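Structure below is final35.txt: compact mmCIF, C-alpha atoms.
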```txt
# COMPACT_ATOMS: atom_id res chain seq x y z
CA MET A 1 112.05 69.85 101.74
CA ARG A 2 113.05 73.28 101.10
CA SER A 3 110.63 76.01 100.37
CA ILE A 4 110.38 77.74 97.09
CA ARG A 5 111.86 80.85 98.43
CA PRO A 6 115.29 79.43 98.93
CA LEU A 7 114.69 77.33 95.90
CA LEU A 8 112.94 80.05 94.00
CA THR A 9 115.04 83.02 94.93
CA ALA A 10 113.09 84.70 97.61
CA ALA A 11 114.10 86.17 100.88
CA SER A 12 113.46 83.56 103.48
CA ALA A 13 112.21 80.01 103.03
CA VAL A 14 108.72 78.92 103.86
CA ALA A 15 108.46 75.21 104.07
CA ALA A 16 105.67 72.75 104.34
CA LEU A 17 105.94 69.07 104.90
CA THR A 18 109.41 68.23 103.79
CA LEU A 19 109.14 71.67 102.34
CA THR A 20 110.79 74.99 102.47
CA VAL A 21 109.90 78.27 100.92
CA THR A 22 111.05 78.50 97.35
CA SER A 23 113.14 81.61 97.32
CA CYS A 24 116.70 82.55 96.63
CA GLY A 25 119.13 83.75 99.18
CA PRO A 26 121.72 86.48 99.41
CA SER A 27 124.07 87.29 96.61
CA GLU A 28 127.80 87.03 97.11
CA GLU A 29 128.01 90.80 96.76
CA ASN A 30 126.13 92.52 99.55
CA ALA A 31 123.54 94.97 98.34
CA GLY A 32 124.80 97.50 100.81
CA ASP A 33 127.97 98.03 98.81
CA LYS A 34 126.15 99.60 95.88
CA PRO A 35 125.92 103.34 95.30
CA SER A 36 122.87 105.19 96.55
CA ALA A 37 120.42 107.17 94.49
CA PRO A 38 121.18 110.66 93.17
CA ALA A 39 120.78 113.36 95.81
CA SER A 40 118.12 115.02 93.66
CA LEU A 41 115.71 112.13 94.08
CA ASP A 42 113.08 112.89 96.72
CA PRO A 43 111.53 109.56 97.73
CA ALA A 44 108.79 111.22 99.73
CA GLU A 45 107.62 113.11 96.65
CA LYS A 46 108.27 110.21 94.30
CA LEU A 47 105.88 107.90 96.13
CA LYS A 48 103.63 110.60 97.62
CA ILE A 49 104.09 109.12 101.08
CA PRO A 50 101.15 110.20 103.27
CA GLU A 51 101.91 112.54 106.16
CA ASP A 52 100.60 110.03 108.72
CA LEU A 53 103.02 107.40 107.40
CA LYS A 54 105.89 109.89 107.59
CA ASP A 55 104.96 110.45 111.23
CA ARG A 56 104.87 106.72 111.97
CA LEU A 57 108.27 106.27 110.34
CA LYS A 58 109.68 109.09 112.43
CA GLU A 59 108.50 107.19 115.50
CA HIS A 60 110.78 104.39 114.34
CA GLY A 61 113.62 106.87 113.96
CA ILE A 62 113.53 106.67 110.16
CA ASP A 63 114.43 109.67 108.00
CA LEU A 64 113.49 109.05 104.36
CA ASP A 65 116.44 110.97 102.92
CA LYS A 66 118.87 109.01 105.08
CA TRP A 67 116.97 105.82 104.24
CA ARG A 68 117.43 106.38 100.52
CA ASN A 69 121.11 107.17 101.00
CA GLY A 70 121.97 103.97 102.83
CA GLU A 71 120.07 103.82 106.12
CA TRP A 72 117.95 101.02 104.62
CA LYS A 73 120.95 98.75 105.23
CA ASN A 74 120.32 99.08 108.98
CA TRP A 75 118.51 95.87 109.98
CA ASP A 76 118.31 96.59 113.69
CA ARG A 77 115.12 95.11 115.05
CA ASP A 78 113.63 98.54 115.74
CA LYS A 79 114.35 99.64 112.15
CA TRP A 80 112.93 96.48 110.52
CA LEU A 81 109.38 97.65 109.89
CA ARG A 82 106.92 94.84 110.51
CA GLU A 83 103.37 96.20 110.58
CA ALA A 84 101.43 96.53 107.33
CA LYS A 85 100.75 100.22 108.01
CA ASP A 86 104.48 100.96 108.18
CA PHE A 87 105.53 99.62 104.76
CA VAL A 88 107.80 102.05 102.92
CA ASN A 89 109.86 101.53 99.76
CA PRO A 90 111.39 104.79 98.45
CA ILE A 91 112.73 104.50 94.90
CA ILE A 92 116.52 104.36 94.73
CA GLU A 93 117.18 104.95 91.06
CA GLY A 94 119.82 102.66 89.56
CA LEU A 95 120.09 100.43 92.64
CA TRP A 96 119.05 97.36 90.69
CA ASP A 97 121.81 97.43 88.08
CA PRO A 98 122.60 94.39 85.85
CA ASP A 99 125.22 92.93 88.20
CA ARG A 100 123.04 93.26 91.25
CA MET A 101 120.03 91.72 89.52
CA ARG A 102 122.08 88.83 88.17
CA GLU A 103 123.76 88.02 91.48
CA ALA A 104 120.57 88.27 93.50
CA GLU A 105 119.46 85.03 91.91
CA ARG A 106 121.87 82.77 93.73
CA PRO A 107 119.96 80.37 95.97
CA ASP A 108 120.22 79.68 99.66
CA GLU A 109 121.72 76.49 101.01
CA PRO A 110 119.35 73.49 100.95
CA VAL A 111 117.05 73.12 103.92
CA GLU A 112 116.79 69.99 106.01
CA GLU A 113 113.81 67.86 105.09
CA GLU A 114 111.04 67.50 107.64
CA ASP A 115 108.13 65.12 107.96
CA ILE A 116 105.04 67.27 108.41
CA SER A 117 102.70 65.68 105.91
CA GLY A 118 99.55 66.85 107.67
CA ASP A 119 96.05 65.42 107.38
CA LYS A 120 96.32 62.21 105.38
CA GLY A 121 92.62 62.38 104.69
CA VAL A 122 92.93 65.38 102.35
CA THR A 123 96.50 64.98 101.13
CA ASP A 124 96.83 63.14 97.83
CA PRO A 125 99.79 60.89 97.00
CA THR A 126 103.02 62.73 96.18
CA PRO A 127 102.96 63.55 92.46
CA ASP A 128 105.58 62.23 90.09
CA PRO A 129 108.19 64.85 89.20
CA VAL A 130 107.46 66.84 86.05
CA ARG A 131 110.59 68.12 84.36
CA ALA A 132 110.48 71.90 83.97
CA LYS A 133 110.65 73.09 80.37
CA ALA A 134 112.51 76.21 79.27
CA VAL A 135 110.22 78.95 77.97
CA ASP A 136 111.09 79.93 74.43
CA ALA A 137 112.56 83.37 73.90
CA LYS A 138 111.42 85.95 73.64
CA TYR A 139 109.67 85.53 76.94
CA HIS A 140 107.45 88.49 76.23
CA ASP A 141 105.96 86.59 73.29
CA ASN A 142 105.17 83.49 75.36
CA ALA A 143 104.63 84.62 78.96
CA PRO A 144 104.34 88.44 78.88
CA GLU A 145 102.83 88.68 82.35
CA SER A 146 105.77 86.93 84.06
CA GLY A 147 108.89 88.43 85.59
CA LYS A 148 111.09 88.64 88.65
CA VAL A 149 110.84 90.43 91.99
CA PHE A 150 114.07 91.73 93.52
CA PHE A 151 114.44 92.78 97.16
CA ASP A 152 116.91 93.20 100.01
CA GLY A 153 116.98 91.41 103.36
CA PRO A 154 119.47 91.16 106.23
CA GLU A 155 121.43 88.47 104.38
CA GLY A 156 121.71 90.44 101.14
CA SER A 157 119.80 90.81 97.87
CA MET A 158 117.30 88.15 96.80
CA VAL A 159 114.76 87.31 94.11
CA CYS A 160 111.38 85.72 93.49
CA SER A 161 109.07 85.32 90.51
CA ALA A 162 105.83 87.23 89.95
CA THR A 163 102.93 87.94 87.58
CA VAL A 164 101.21 91.06 86.23
CA VAL A 165 97.50 90.84 87.13
CA LYS A 166 94.45 92.83 86.10
CA ASP A 167 93.15 95.64 88.29
CA PRO A 168 89.34 96.08 88.26
CA ALA A 169 89.77 99.73 89.25
CA HIS A 170 91.92 100.40 86.17
CA PRO A 171 90.74 98.20 83.28
CA GLY A 172 93.51 97.69 80.75
CA LYS A 173 95.86 99.86 82.80
CA SER A 174 96.89 97.74 85.77
CA ASN A 175 99.94 98.45 87.90
CA MET A 176 99.41 95.39 90.10
CA VAL A 177 101.70 92.36 90.50
CA TRP A 178 101.01 89.04 92.25
CA THR A 179 103.69 87.10 94.14
CA ALA A 180 104.23 85.10 97.35
CA GLY A 181 103.98 86.64 100.80
CA HIS A 182 107.45 85.37 101.69
CA CYS A 183 108.85 87.44 98.81
CA VAL A 184 107.85 90.70 100.49
CA HIS A 185 107.73 89.96 104.24
CA LYS A 186 109.80 87.58 106.35
CA GLY A 187 106.84 86.47 108.44
CA LYS A 188 106.74 85.75 112.17
CA LYS A 189 110.43 86.46 112.83
CA GLY A 190 110.90 89.59 110.75
CA GLY A 191 109.31 92.39 108.80
CA TRP A 192 109.03 93.92 105.34
CA TYR A 193 111.86 93.42 102.90
CA ARG A 194 113.33 96.53 101.29
CA ASN A 195 113.98 97.93 97.82
CA ILE A 196 111.26 95.67 96.37
CA ALA A 197 111.12 95.98 92.57
CA PHE A 198 109.58 94.02 89.69
CA VAL A 199 111.26 93.36 86.33
CA PRO A 200 108.86 91.97 83.68
CA SER A 201 110.34 89.58 81.09
CA TYR A 202 113.71 89.51 82.83
CA ASN A 203 116.39 88.41 80.32
CA ASP A 204 113.74 88.42 77.60
CA SER A 205 116.09 86.99 74.95
CA ALA A 206 117.24 84.11 77.20
CA LEU A 207 120.88 85.19 77.00
CA ALA A 208 123.47 82.81 78.42
CA THR A 209 124.77 83.73 81.85
CA SER A 210 128.18 84.52 80.38
CA ASP A 211 126.53 87.00 77.99
CA LEU A 212 124.50 88.57 80.79
CA GLU A 213 127.71 89.60 82.51
CA LYS A 214 128.26 92.03 79.61
CA ALA A 215 124.63 92.90 78.93
CA ALA A 216 123.20 96.39 79.27
CA ARG A 217 120.36 97.06 81.67
CA GLU A 218 117.97 97.41 78.73
CA GLN A 219 118.74 93.84 77.66
CA ILE A 220 118.14 92.44 81.12
CA ALA A 221 115.12 94.63 81.88
CA PRO A 222 113.65 95.51 78.46
CA TYR A 223 110.37 96.75 79.96
CA GLY A 224 111.95 98.66 82.79
CA VAL A 225 112.24 98.34 86.55
CA TRP A 226 109.01 98.89 88.50
CA TRP A 227 109.27 99.70 92.20
CA ALA A 228 106.75 98.66 94.83
CA GLU A 229 104.68 101.66 95.84
CA TRP A 230 102.54 99.59 98.19
CA VAL A 231 102.49 95.93 99.21
CA LYS A 232 99.88 93.85 100.99
CA THR A 233 100.20 90.27 102.26
CA SER A 234 97.96 88.23 104.51
CA ASP A 235 97.73 88.81 108.25
CA GLN A 236 98.26 85.06 108.63
CA TRP A 237 101.57 85.19 106.81
CA ILE A 238 102.80 88.12 108.90
CA ALA A 239 101.75 86.39 112.14
CA GLU A 240 102.73 82.79 111.37
CA GLY A 241 104.99 82.64 108.31
CA ALA A 242 108.24 80.72 108.61
CA SER A 243 110.96 79.60 106.21
CA THR A 244 110.60 75.94 107.13
CA GLY A 245 107.83 73.66 108.33
CA GLY A 246 105.10 75.15 106.17
CA ALA A 247 103.77 77.60 108.77
CA GLY A 248 101.64 80.20 107.03
CA ALA A 249 102.03 78.59 103.59
CA PRO A 250 98.26 78.33 102.86
CA TYR A 251 98.21 82.14 103.11
CA ASP A 252 101.51 82.78 101.33
CA PHE A 253 100.42 85.36 98.75
CA ALA A 254 100.93 89.08 98.20
CA VAL A 255 99.88 91.93 95.93
CA ILE A 256 102.27 94.70 94.89
CA LYS A 257 101.24 98.09 93.48
CA VAL A 258 104.16 99.23 91.31
CA THR A 259 105.37 102.48 89.78
CA PRO A 260 108.10 102.95 87.14
CA GLU A 261 111.57 103.72 88.46
CA LYS A 262 112.16 106.67 86.14
CA GLY A 263 108.80 108.33 86.59
CA SER A 264 105.56 108.01 84.69
CA SER A 265 105.69 107.69 80.91
CA GLY A 266 101.93 107.80 80.76
CA LYS A 267 101.72 104.03 80.36
CA SER A 268 100.75 101.54 83.03
CA LEU A 269 102.60 98.26 83.60
CA GLU A 270 99.84 96.36 81.81
CA GLU A 271 100.06 98.70 78.80
CA THR A 272 103.85 98.46 78.82
CA VAL A 273 103.98 94.66 78.69
CA GLY A 274 100.76 94.37 76.72
CA SER A 275 99.03 91.87 78.98
CA ALA A 276 97.78 91.03 82.48
CA LEU A 277 96.01 88.01 83.93
CA PRO A 278 92.74 88.05 85.86
CA VAL A 279 92.90 86.47 89.32
CA GLU A 280 90.46 83.65 90.08
CA PHE A 281 89.32 83.81 93.71
CA ASN A 282 86.69 81.09 93.50
CA ALA A 283 89.27 78.44 94.46
CA PRO A 284 88.17 75.66 92.08
CA ALA A 285 88.27 72.19 93.60
CA VAL A 286 91.06 69.90 92.43
CA PRO A 287 88.74 67.47 90.56
CA LYS A 288 87.57 70.39 88.43
CA ILE A 289 91.07 71.36 87.28
CA ALA A 290 92.49 69.52 84.27
CA SER A 291 95.93 71.13 84.59
CA LEU A 292 97.85 74.09 85.99
CA THR A 293 100.96 75.74 84.53
CA ALA A 294 103.52 77.18 86.94
CA THR A 295 106.03 79.73 85.64
CA GLY A 296 109.19 80.97 87.32
CA TYR A 297 112.93 81.61 87.33
CA PRO A 298 114.44 78.66 89.28
CA ALA A 299 117.87 79.46 90.67
CA ALA A 300 119.11 76.46 92.67
CA ALA A 301 121.09 73.77 90.83
CA PRO A 302 120.75 72.63 88.13
CA TYR A 303 119.36 76.10 87.26
CA ASP A 304 121.06 79.47 87.68
CA GLY A 305 118.10 81.84 87.94
CA GLN A 306 118.71 83.59 84.65
CA LYS A 307 116.08 81.84 82.52
CA MET A 308 112.35 81.26 82.66
CA PHE A 309 110.87 77.78 83.01
CA GLN A 310 107.40 76.21 83.27
CA CYS A 311 105.80 73.03 84.61
CA GLN A 312 102.36 71.75 83.62
CA ASP A 313 100.54 69.10 85.64
CA LYS A 314 97.14 68.10 87.01
CA PRO A 315 97.10 69.27 90.64
CA GLY A 316 96.54 67.22 93.74
CA ARG A 317 95.82 68.31 97.31
CA LEU A 318 98.21 69.03 100.16
CA SER A 319 96.94 69.68 103.70
CA LEU A 320 99.33 71.05 106.31
CA LYS A 321 96.78 71.73 109.05
CA ALA A 322 93.21 70.48 109.25
CA ASN A 323 91.93 73.95 110.18
CA GLN A 324 93.63 75.72 107.27
CA PRO A 325 92.89 75.70 103.53
CA THR A 326 94.19 72.75 101.53
CA MET A 327 96.90 73.73 99.04
CA TYR A 328 97.30 72.78 95.40
CA ARG A 329 100.29 70.57 94.59
CA ILE A 330 101.87 69.67 91.24
CA GLY A 331 104.87 67.67 90.10
CA CYS A 332 107.68 70.05 89.10
CA THR A 333 111.48 70.11 89.17
CA MET A 334 111.79 73.91 89.48
CA THR A 335 113.91 74.98 92.44
CA GLY A 336 114.36 78.08 94.59
CA GLY A 337 113.79 81.35 92.80
CA SER A 338 110.50 80.22 91.31
CA SER A 339 108.70 81.29 94.50
CA GLY A 340 105.86 83.65 93.87
CA GLY A 341 105.55 82.64 90.21
CA GLY A 342 102.00 82.41 88.91
CA TRP A 343 99.99 79.22 88.46
CA VAL A 344 97.65 79.59 85.50
CA GLY A 345 94.53 77.54 84.82
CA LYS A 346 91.05 78.13 83.46
CA GLY A 347 89.02 80.75 85.24
CA SER A 348 85.28 80.58 85.80
CA ASP A 349 84.79 81.97 82.27
CA GLY A 350 87.00 79.27 80.74
CA LYS A 351 89.81 81.72 79.94
CA PRO A 352 93.35 81.71 81.41
CA ALA A 353 93.51 83.08 84.94
CA LEU A 354 95.95 83.13 87.83
CA VAL A 355 94.69 80.62 90.41
CA SER A 356 97.73 80.25 92.73
CA ASN A 357 101.43 80.98 93.15
CA THR A 358 104.48 78.92 94.05
CA SER A 359 104.98 78.80 97.79
CA ILE A 360 106.77 75.68 99.03
CA GLY A 361 108.48 72.54 97.81
CA PRO A 362 110.86 69.79 98.90
CA ALA A 363 114.63 70.07 98.88
CA SER A 364 114.58 67.24 96.37
CA ALA A 365 112.70 69.57 94.00
CA GLY A 366 110.17 67.02 92.76
CA TRP A 367 107.00 69.02 93.39
CA LEU A 368 105.63 72.46 94.28
CA ALA A 369 102.65 73.60 96.32
CA GLY A 370 100.66 76.81 96.17
CA PRO A 371 97.78 78.34 98.17
CA ARG A 372 94.17 78.26 97.05
CA LEU A 373 93.00 81.82 96.54
CA GLY A 374 89.87 82.41 98.58
CA PRO A 375 88.37 85.22 100.72
CA GLU A 376 91.67 86.18 102.39
CA ALA A 377 93.44 86.55 99.05
CA LYS A 378 90.55 88.51 97.58
CA GLY A 379 90.54 90.78 100.60
CA ILE A 380 94.16 91.92 100.16
CA PHE A 381 93.72 92.21 96.39
CA ASP A 382 90.63 94.41 96.78
CA GLU A 383 92.33 96.55 99.40
CA VAL A 384 95.27 97.37 97.12
CA SER A 385 92.99 97.99 94.14
CA LYS A 386 90.68 100.31 96.07
CA LYS A 387 93.58 102.20 97.66
CA TYR A 388 94.59 103.50 94.22
CA ALA A 389 91.19 103.48 92.52
CA GLY A 390 91.05 107.25 92.22
CA GLN A 391 94.54 107.69 90.78
```
Kindly transcribe the structure held in the file into structure tokens.
Amino acid sequence: MRSIRPLLTAASAVAALTLTVTSCGPSEENAGDKPSAPASLDPAEKLKIPEDLKDRLKEHGIDLDKWRNGEWKNWDRDKWLREAKDFVNPIIEGLWDPDRMREAERPDEPVEEEDISGDKGVTDPTPDPVRAKAVDAKYHDNAPESGKVFFDGPEGSMVCSATVVKDPAHPGKSNMVWTAGHCVHKGKKGGWYRNIAFVPSYNDSALATSDLEKAAREQIAPYGVWWAEWVKTSDQWIAEGASTGGAGAPYDFAVIKVTPEKGSSGKSLEETVGSALPVEFNAPAVPKIASLTATGYPAAAPYDGQKMFQCQDKPGRLSLKANQPTMYRIGCTMTGGSSGGGWVGKGSDGKPALVSNTSIGPASAGWLAGPRLGPEAKGIFDEVSKKYAGQ
């Protein structure tokens, strides 16, 4: 299988079983060929980077002004920041232009299938494929919390899917986004991806790809481009995550704190899109879930990454390792690019809530699997929320 990353437009693939991460790969046009931000933009001021972080970056030989003006394209091992404390993502205004966003959705090559089915005792039979259905335009009217994450890696620009989630520290005014860990960090063999940005309701009007080639940025990103100010993924993903084999997949989740590219308009992301989903961390057991709906922007054939799709199915269980949490699994034909997209079910109060995200799937694209959100997921969520509670 191939993971959702390659399949779902993410940076590197994370596979489980015959799985790989569902993310998309590099675009044909390398991100490094695009113009840098205006010289007047001060990334250190824009993101209020703490002095201690500036000092740690200097230890890596990183100058933020040079970084903004093209040094981010240097993927030397010493410059590829890996530790959570060293994450930095200065805003480069205009970097994600319509062409770059559109081309970042092209998927990686298929990944070889592997047989790593795990503990048969807690893995249910493979679900029948459920054909993904196109979400009706406008997307904002039908899935306002959903969108796409764009980022750069050594191979070029890539994409994932993501969801606006509620922030308990800022009721009604959340700037938090949920996605997969492999959409922000390469895992065991790499570090943080760069130029991470979220675009809610990407291609809101479901324009044809041919029309997108002539579309203005406002048509492709009607609610703006929101850059990652801070990102947190699980320690397990950073230590174990891999693009194939499923390593780290049960912990393949991430939270992004975003800020608008063009400065604050006084409105939060939640206020801008008009909605956000609560996150359910009580990890309901499979027998208690009637159905889950996965949303994303699949990019591998027969899709092209430009339109939003959904799959709805009753989940089963998928165990990769007996000592790690069992994952949810549903039938779904979405491919790479849908990685990180939210899985919505009923929360403990009976209302819609995010209960998982797309992580891995087979190269044959017949099903998807996502992590159960328990204490580890709640821990990173709470850390990001508390970090900005006073702002």
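Between atom CA of Ser265 of chain A and atom CA of Thr179 of chain A the separation is 24.6 Å.
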(request) Mind checking which residues fall within 8 Å of Tyr223 of chain A, counting only C-alpha atoms, ignoring those fewer than 2 positions away in the same chain, and posting them as an NGL selection string? (result) :A and (199-201 or 218 or 221 or 225 or 272-273)
(message) For segment 328-332 of chain A, find every residue with an atom within 6 Å (counting only C-alpha atoms), except residues of its own chain fewer than 5 positions away, and show them as a PyMOL selection string.
(response) chain A and resi 127-131+311+313+315-317+366-370
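Straight-line separation from atom CA of Trp226 of chain A to atom CA of Gly70 of chain A: 20.0 Å.
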(request) Fewer than 3 positions away in the same chain doesn't count, so skip those; otherwise give me all residues within 7 Å of Arg217 of chain A, counting only C-alpha atoms, as a PyMOL selection string. (result) chain A and resi 97-98+220-221
(message) With only C-alpha atoms as the counted atoms, please give the residues lying no more than 10 Å from Ala353 of chain A, apart from itself and same-chain residues fewer than 3 positions off, as a list in words.
(response) Val165, Lys166, Ala276, Leu277, Pro278, Val279, Glu280, Phe281, Gly342, Trp343, Val344, Gly345, Lys346, Gly347, Ser348, Asp349, Gly350 and Ser356 of chain A
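Checking A:Ser243, A:Asn89, A:Thr123, A:Gln310 one by one against Trp67 of chain A, counting only C-alpha atoms, you find the shortest gap at A:Asn89.
Distance check against Ala169 of chain A using all atoms listed in the file: of A:Lys79, A:Lys148, A:Lys66, A:Lys387, the minimum falls on A:Lys387.
Excluding Gly248 of chain A itself and same-chain residues fewer than 6 positions from it, the residues having an atom within 6 Å of it are Trp237, Glu240 and Gly241 of chain A, counting all atoms listed in the file.
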Got a minute to add N, CA and C atoms to segment 123-146 of chain A and dump it as a short mmCIF file (atom, residue, chain, number, x, y, z; two decimals), keeping the file's coordinate frame?
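The result, written out as result02.cif:
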```cif
data_model
loop_
_atom_site.label_atom_id
_atom_site.label_comp_id
_atom_site.auth_asym_id
_atom_site.auth_seq_id
_atom_site.Cartn_x
_atom_site.Cartn_y
_atom_site.Cartn_z
N THR A 123 95.25 64.85 101.86
CA THR A 123 96.50 64.98 101.13
C THR A 123 96.62 63.83 100.14
N ASP A 124 96.70 64.16 98.87
CA ASP A 124 96.83 63.14 97.83
C ASP A 124 98.25 62.60 97.77
N PRO A 125 98.44 61.45 97.12
CA PRO A 125 99.79 60.89 97.00
C PRO A 125 100.75 61.90 96.36
N THR A 126 102.01 61.83 96.75
CA THR A 126 103.02 62.73 96.18
C THR A 126 103.07 62.58 94.67
N PRO A 127 102.97 63.65 93.93
CA PRO A 127 102.96 63.55 92.46
C PRO A 127 104.33 63.15 91.92
N ASP A 128 104.31 62.53 90.76
CA ASP A 128 105.58 62.23 90.09
C ASP A 128 106.21 63.54 89.62
N PRO A 129 107.53 63.63 89.67
CA PRO A 129 108.19 64.85 89.20
C PRO A 129 107.88 65.14 87.73
N VAL A 130 107.65 66.38 87.43
CA VAL A 130 107.46 66.84 86.05
C VAL A 130 108.65 67.73 85.72
N ARG A 131 109.40 67.35 84.70
CA ARG A 131 110.59 68.12 84.36
C ARG A 131 110.20 69.50 83.82
N ALA A 132 110.76 70.53 84.42
CA ALA A 132 110.48 71.90 83.97
C ALA A 132 111.02 72.12 82.57
N LYS A 133 110.25 72.80 81.74
CA LYS A 133 110.65 73.09 80.37
C LYS A 133 111.03 74.57 80.23
N ALA A 134 112.09 74.83 79.50
CA ALA A 134 112.51 76.21 79.27
C ALA A 134 111.47 76.92 78.40
N VAL A 135 111.13 78.13 78.78
CA VAL A 135 110.22 78.95 77.97
C VAL A 135 111.00 79.51 76.80
N ASP A 136 110.41 79.42 75.62
CA ASP A 136 111.09 79.93 74.43
C ASP A 136 111.22 81.45 74.48
N ALA A 137 112.37 81.93 74.04
CA ALA A 137 112.56 83.37 73.90
C ALA A 137 111.87 83.81 72.59
N LYS A 138 111.36 85.01 72.55
CA LYS A 138 111.42 85.95 73.64
C LYS A 138 110.30 85.68 74.65
N TYR A 139 110.64 85.83 75.91
CA TYR A 139 109.67 85.53 76.94
C TYR A 139 108.41 86.36 76.81
N HIS A 140 108.60 87.60 76.36
CA HIS A 140 107.45 88.49 76.23
C HIS A 140 106.43 87.96 75.24
N ASP A 141 106.87 87.16 74.28
CA ASP A 141 105.96 86.59 73.29
C ASP A 141 105.20 85.38 73.83
N ASN A 142 105.74 84.75 74.88
CA ASN A 142 105.17 83.49 75.36
C ASN A 142 104.63 83.55 76.79
N ALA A 143 105.12 84.46 77.59
CA ALA A 143 104.63 84.62 78.96
C ALA A 143 104.80 86.08 79.36
N PRO A 144 104.11 87.00 78.68
CA PRO A 144 104.34 88.44 78.88
C PRO A 144 104.03 88.95 80.27
N GLU A 145 103.20 88.22 81.01
CA GLU A 145 102.83 88.68 82.35
C GLU A 145 103.89 88.33 83.41
N SER A 146 104.83 87.45 83.06
CA SER A 146 105.77 86.93 84.06
C SER A 146 107.04 87.77 84.18
#
```
